[in-house]
Amino acid sequence: AIILSLKALGIKKGDEVITVCNSFYATAGAIAACGATPVFVDCDERYQIDIEQVKIKISKKTKVIMPVHWGGASPDMQQLSKIAKKNNVHIVEDACMGIGAKINGKSPGTFGIVNAFSMHPLKSLNVMGDGGMVVTNNTKIFNWLKKFRNHGMINRDKIDFWGVNARLQPLQAVVAIEGLKKIDRLVQRRNYNAKILDKGLKKLYPNVILPSRKKNYLETFALYMGRFKKRDKLKKFLNKKKIDTKIHYPIPLHLQKPGVDLGYRRGNFKSSENQAKELLTLPVHQYLTKSQLNYIIKNINFFYKKEKN
């Protein structure tokens, strides 16, 4: 979906796309797949793209700013939209974790000219395997995308240009349509669960540092992340207690081999690098009970009490 979004704008070799360095590999990989160069910036304390660094990194080669709605939270899209307009560049949102979220009543994936969603099983809207969507309100882009993702076909016997097969299987589309009917309830439940975790973990500061929750921003909590002291030891402890946790992600994109090949080095983006040492993702999904959430909180409290003694 991200590749299609960029190709719809004609992104090619020699172009630059600004994005954050603490995302999943697909964000930067899609930029590279179009022949363009990913230009990384750091993230803020909410794990969202650092807007001040975006301003600094814009150059004559910049064609797109690609914010990521990381973890199901959102950056300040109003500010990013102003920056993009001022510099005459497009916004393409990686809104893969943002389905069902709201930014002052507006949905992620509706700020940029063309934007990408994922429907991977771990997202708030999921299909039975991999799937995605591209959204736009630009008629020209819409018509081009419909052809490009279907081999460039006009009809059964003619093509307009060389395209690819990037069609979503009909069965997956049916699953997604049914999922959309439940998305508001799902996001509401995840927010309810997140509030329980927030309340139980905030008292553990500074051993546990949670991101701030912005007013009038509804998160999907595709991921519930926080910074935890002695993260790796805590992870092992929770695993023994049958509490599954994940790290998203231990190595930022600029320190992965392709990022290093672009000239990035340790120390370039200190916020992302420091967060990578402490970030831990806890269960928050809609099937958890209140007692299970309290079990998670109880064990994290016990861990830090034990470590203190």
# chains A, B, ... in the order shown; residues from 1 in each chain; ligands from 1

call {"tool": "residues_around", "arguments": {"residues": "A:Lys195", "least_positions_apart": "4", "cutoff": "12 Å", "atoms": "only C-alpha atoms", "output": "PyMOL selection string"}}
result
chain A and resi 188-191+199-202+210+213+219+221+224+284+290+293-294+297

call {"tool": "write_last_selection", "arguments": {"atoms": "N, CA and C atoms", "output": "mmCIF file, in the first residue's frame"}}
result
data_model
loop_
_atom_site.group_PDB
_atom_site.id
_atom_site.type_symbol
_atom_site.label_atom_id
_atom_site.label_comp_id
_atom_site.auth_asym_id
_atom_site.auth_seq_id
_atom_site.Cartn_x
_atom_site.Cartn_y
_atom_site.Cartn_z
ATOM 1 N N GLN A 188 -12.636 1.187 21.286
ATOM 2 C CA GLN A 188 -13.139 1.599 22.593
ATOM 3 C C GLN A 188 -12.664 0.645 23.683
ATOM 4 N N ARG A 189 -12.715 -0.649 23.412
ATOM 5 C CA ARG A 189 -12.276 -1.639 24.400
ATOM 6 C C ARG A 189 -10.787 -1.537 24.655
ATOM 7 N N ARG A 190 -9.995 -1.344 23.614
ATOM 8 C CA ARG A 190 -8.547 -1.222 23.791
ATOM 9 C C ARG A 190 -8.210 0.034 24.597
ATOM 10 N N ASN A 191 -8.958 1.103 24.388
ATOM 11 C CA ASN A 191 -8.746 2.316 25.182
ATOM 12 C C ASN A 191 -9.105 2.087 26.640
ATOM 13 N N LYS A 199 -3.274 3.674 34.645
ATOM 14 C CA LYS A 199 -3.524 3.960 36.062
ATOM 15 C C LYS A 199 -2.636 3.110 36.966
ATOM 16 N N GLY A 200 -2.461 1.853 36.608
ATOM 17 C CA GLY A 200 -1.680 0.948 37.437
ATOM 18 C C GLY A 200 -0.183 1.117 37.316
ATOM 19 N N LEU A 201 0.288 1.677 36.180
ATOM 20 C CA LEU A 201 1.729 1.762 35.936
ATOM 21 C C LEU A 201 2.324 3.148 36.184
ATOM 22 N N LYS A 202 1.493 4.186 36.139
ATOM 23 C CA LYS A 202 2.009 5.550 36.311
ATOM 24 C C LYS A 202 2.700 5.744 37.651
ATOM 25 N N LEU A 210 5.539 6.322 30.752
ATOM 26 C CA LEU A 210 4.522 6.174 29.712
ATOM 27 C C LEU A 210 4.454 7.444 28.867
ATOM 28 N N ARG A 213 -0.752 11.279 26.733
ATOM 29 C CA ARG A 213 -1.927 11.052 25.896
ATOM 30 C C ARG A 213 -2.502 12.417 25.516
ATOM 31 N N GLU A 219 -6.512 7.126 20.356
ATOM 32 C CA GLU A 219 -5.546 6.142 19.872
ATOM 33 C C GLU A 219 -6.224 4.798 19.640
ATOM 34 N N PHE A 221 -4.352 2.009 20.099
ATOM 35 C CA PHE A 221 -3.562 1.106 20.936
ATOM 36 C C PHE A 221 -3.314 -0.219 20.203
ATOM 37 N N TYR A 224 0.626 -1.101 22.958
ATOM 38 C CA TYR A 224 0.705 -0.384 24.226
ATOM 39 C C TYR A 224 2.165 -0.420 24.653
ATOM 40 N N VAL A 284 -2.672 -5.536 25.318
ATOM 41 C CA VAL A 284 -3.754 -4.577 25.559
ATOM 42 C C VAL A 284 -4.991 -4.931 24.740
ATOM 43 N N LYS A 290 -10.375 -7.696 32.894
ATOM 44 C CA LYS A 290 -9.830 -6.759 33.876
ATOM 45 C C LYS A 290 -8.889 -7.475 34.841
ATOM 46 N N LEU A 293 -5.530 -7.907 33.189
ATOM 47 C CA LEU A 293 -4.797 -6.642 33.161
ATOM 48 C C LEU A 293 -4.203 -6.338 34.533
ATOM 49 N N ASN A 294 -4.980 -6.582 35.571
ATOM 50 C CA ASN A 294 -4.483 -6.372 36.940
ATOM 51 C C ASN A 294 -3.350 -7.340 37.283
ATOM 52 N N ILE A 297 -0.237 -5.763 35.826
ATOM 53 C CA ILE A 297 0.190 -4.645 36.686
ATOM 54 C C ILE A 297 0.823 -5.157 37.972
#

call {"tool": "residues_around", "arguments": {"residues": "A:Lys182", "least_positions_apart": "3", "cutoff": "12 Å", "atoms": "only C-alpha atoms", "output": "list in words"}}
result
Ile99, Gly100, Ser124, Leu125, Asn126, Val175, Ala176, Ile177, Glu178, Gly179, Arg185, Leu186, Val187, Gln188, Arg189 and Gln286 of chain A

call {"tool": "residues_around", "arguments": {"residues": "stretch 111-114 of chain A", "least_positions_apart": "4", "cutoff": "10 Å", "atoms": "only C-alpha atoms", "output": "PyMOL selection string"}}
result
chain A and resi 1-2+4-6+8-9+64-67+77-78+80-81+84+90-94+106-107+134-138+141-142

call {"tool": "select_by_dssp", "arguments": {"residues": "stretch 33-229 of chain A", "states": "strand (DSSP E or B)", "output": "count of residues only"}}
result
47

call {"tool": "residues_around", "arguments": {"residues": "stretch 273-279 of chain A", "least_positions_apart": "5", "cutoff": "10 Å", "atoms": "only C-alpha atoms", "output": "PyMOL selection string"}}
result
chain A and resi 21-22+42-45+47+208-210+225-232+246-255+266-268

call {"tool": "atom_distance", "arguments": {"atom1": "atom CA of A:Ala194", "atom2": "atom CA of A:His120"}}
result
21.1 Å

call {"tool": "select_by_dssp", "arguments": {"residues": "stretch 26-144 of chain A", "states": "helix (DSSP H, G or I)", "output": "JSON, numbers by chain"}}
result
{"A": [26, 27, 28, 29, 30, 31, 32, 33, 51, 52, 53, 54, 55, 56, 57, 70, 71, 72, 77, 78, 79, 80, 81, 82, 83, 84, 85, 86, 87, 139, 140, 141, 142, 143, 144]}

call {"tool": "residues_around", "arguments": {"residues": "A:Thr245", "least_positions_apart": "4", "cutoff": "8 Å", "atoms": "only C-alpha atoms", "output": "list in words"}}
result
Lys235, Leu238, Asn239, Leu280, Thr281, Leu282 and Pro283 of chain A

call {"tool": "residues_around", "arguments": {"residues": "stretch 27-40 of chain A", "least_positions_apart": "5", "cutoff": "9 Å", "atoms": "only C-alpha atoms", "output": "number ranges by chain"}}
result
A: 1-4, 6-7, 10-21, 54, 57, 62, 66, 68, 94, 253-254, 259, 262, 264, 269

call {"tool": "write_last_selection", "arguments": {"atoms": "N, CA and C atoms", "output": "compact mmCIF listing (two decimals), in the first residue's frame"}}
result
# COMPACT_ATOMS: atom_id res chain seq x y z
N ALA A 1 0.83 -1.21 0.00
CA ALA A 1 0.00 0.00 0.00
C ALA A 1 0.87 1.27 0.00
N ILE A 2 1.97 1.23 0.76
CA ILE A 2 2.85 2.41 0.79
C ILE A 2 3.55 2.58 -0.56
N ILE A 3 4.01 1.48 -1.13
CA ILE A 3 4.65 1.55 -2.45
C ILE A 3 3.69 2.12 -3.48
N LEU A 4 2.46 1.63 -3.50
CA LEU A 4 1.47 2.13 -4.46
C LEU A 4 1.22 3.62 -4.25
N LEU A 6 3.26 5.91 -3.04
CA LEU A 6 4.40 6.70 -3.54
C LEU A 6 4.47 6.68 -5.06
N LYS A 7 4.24 5.52 -5.65
CA LYS A 7 4.28 5.42 -7.11
C LYS A 7 3.19 6.27 -7.76
N GLY A 10 4.52 9.47 -8.52
CA GLY A 10 5.68 9.49 -9.40
C GLY A 10 7.01 9.52 -8.68
N ILE A 11 7.05 9.07 -7.43
CA ILE A 11 8.30 9.07 -6.67
C ILE A 11 9.28 8.10 -7.32
N LYS A 12 10.51 8.57 -7.51
CA LYS A 12 11.49 7.79 -8.27
C LYS A 12 12.91 8.05 -7.75
N LYS A 13 13.87 7.46 -8.45
CA LYS A 13 15.27 7.62 -8.09
C LYS A 13 15.66 9.09 -8.11
N GLY A 14 16.39 9.51 -7.07
CA GLY A 14 16.80 10.90 -6.95
C GLY A 14 15.91 11.71 -6.03
N ASP A 15 14.72 11.18 -5.77
CA ASP A 15 13.80 11.85 -4.84
C ASP A 15 14.12 11.45 -3.40
N GLU A 16 13.71 12.31 -2.47
CA GLU A 16 13.88 12.01 -1.05
C GLU A 16 12.53 12.03 -0.35
N VAL A 17 12.38 11.11 0.59
CA VAL A 17 11.16 11.02 1.39
C VAL A 17 11.57 11.04 2.86
N ILE A 18 11.06 12.02 3.59
CA ILE A 18 11.39 12.15 5.02
C ILE A 18 10.45 11.28 5.85
N THR A 19 11.05 10.47 6.71
CA THR A 19 10.24 9.63 7.61
C THR A 19 10.98 9.40 8.91
N VAL A 20 10.30 8.79 9.85
CA VAL A 20 10.86 8.59 11.19
C VAL A 20 11.67 7.29 11.24
N CYS A 21 12.67 7.24 12.12
CA CYS A 21 13.59 6.10 12.13
C CYS A 21 13.18 4.99 13.10
N VAL A 54 11.89 17.56 11.00
CA VAL A 54 11.34 17.54 9.64
C VAL A 54 11.64 18.86 8.94
N LYS A 57 15.25 18.96 7.79
CA LYS A 57 15.68 17.98 6.78
C LYS A 57 15.10 18.23 5.38
N THR A 62 13.39 16.81 -1.59
CA THR A 62 12.27 16.27 -0.82
C THR A 62 10.98 16.35 -1.63
N MET A 66 6.59 11.52 5.15
CA MET A 66 5.80 10.35 5.50
C MET A 66 5.77 10.16 7.02
N VAL A 68 4.35 8.49 10.48
CA VAL A 68 3.84 7.16 10.85
C VAL A 68 2.97 7.32 12.10
N ASP A 94 1.74 6.87 6.60
CA ASP A 94 1.78 5.45 6.95
C ASP A 94 0.84 5.32 8.15
N LEU A 253 15.75 2.03 12.47
CA LEU A 253 16.01 1.84 11.05
C LEU A 253 17.37 2.39 10.60
N HIS A 254 17.80 3.51 11.19
CA HIS A 254 19.06 4.11 10.73
C HIS A 254 20.27 3.29 11.14
N GLY A 259 20.40 1.24 6.57
CA GLY A 259 20.50 2.60 7.09
C GLY A 259 21.95 3.04 7.25
N LEU A 262 23.47 4.10 4.14
CA LEU A 262 23.10 5.46 3.72
C LEU A 262 23.95 6.52 4.43
N TYR A 264 24.20 6.73 8.01
CA TYR A 264 23.78 7.00 9.38
C TYR A 264 24.65 6.25 10.38
N PHE A 269 20.34 9.86 16.11
CA PHE A 269 18.97 10.08 16.60
C PHE A 269 18.86 9.51 18.01

call {"tool": "residues_around", "arguments": {"residues": "A:Lys123", "least_positions_apart": "5", "cutoff": "8 Å", "atoms": "only C-alpha atoms", "output": "MDAnalysis selection string"}}
result
chainID A and resid 96:97 118 222
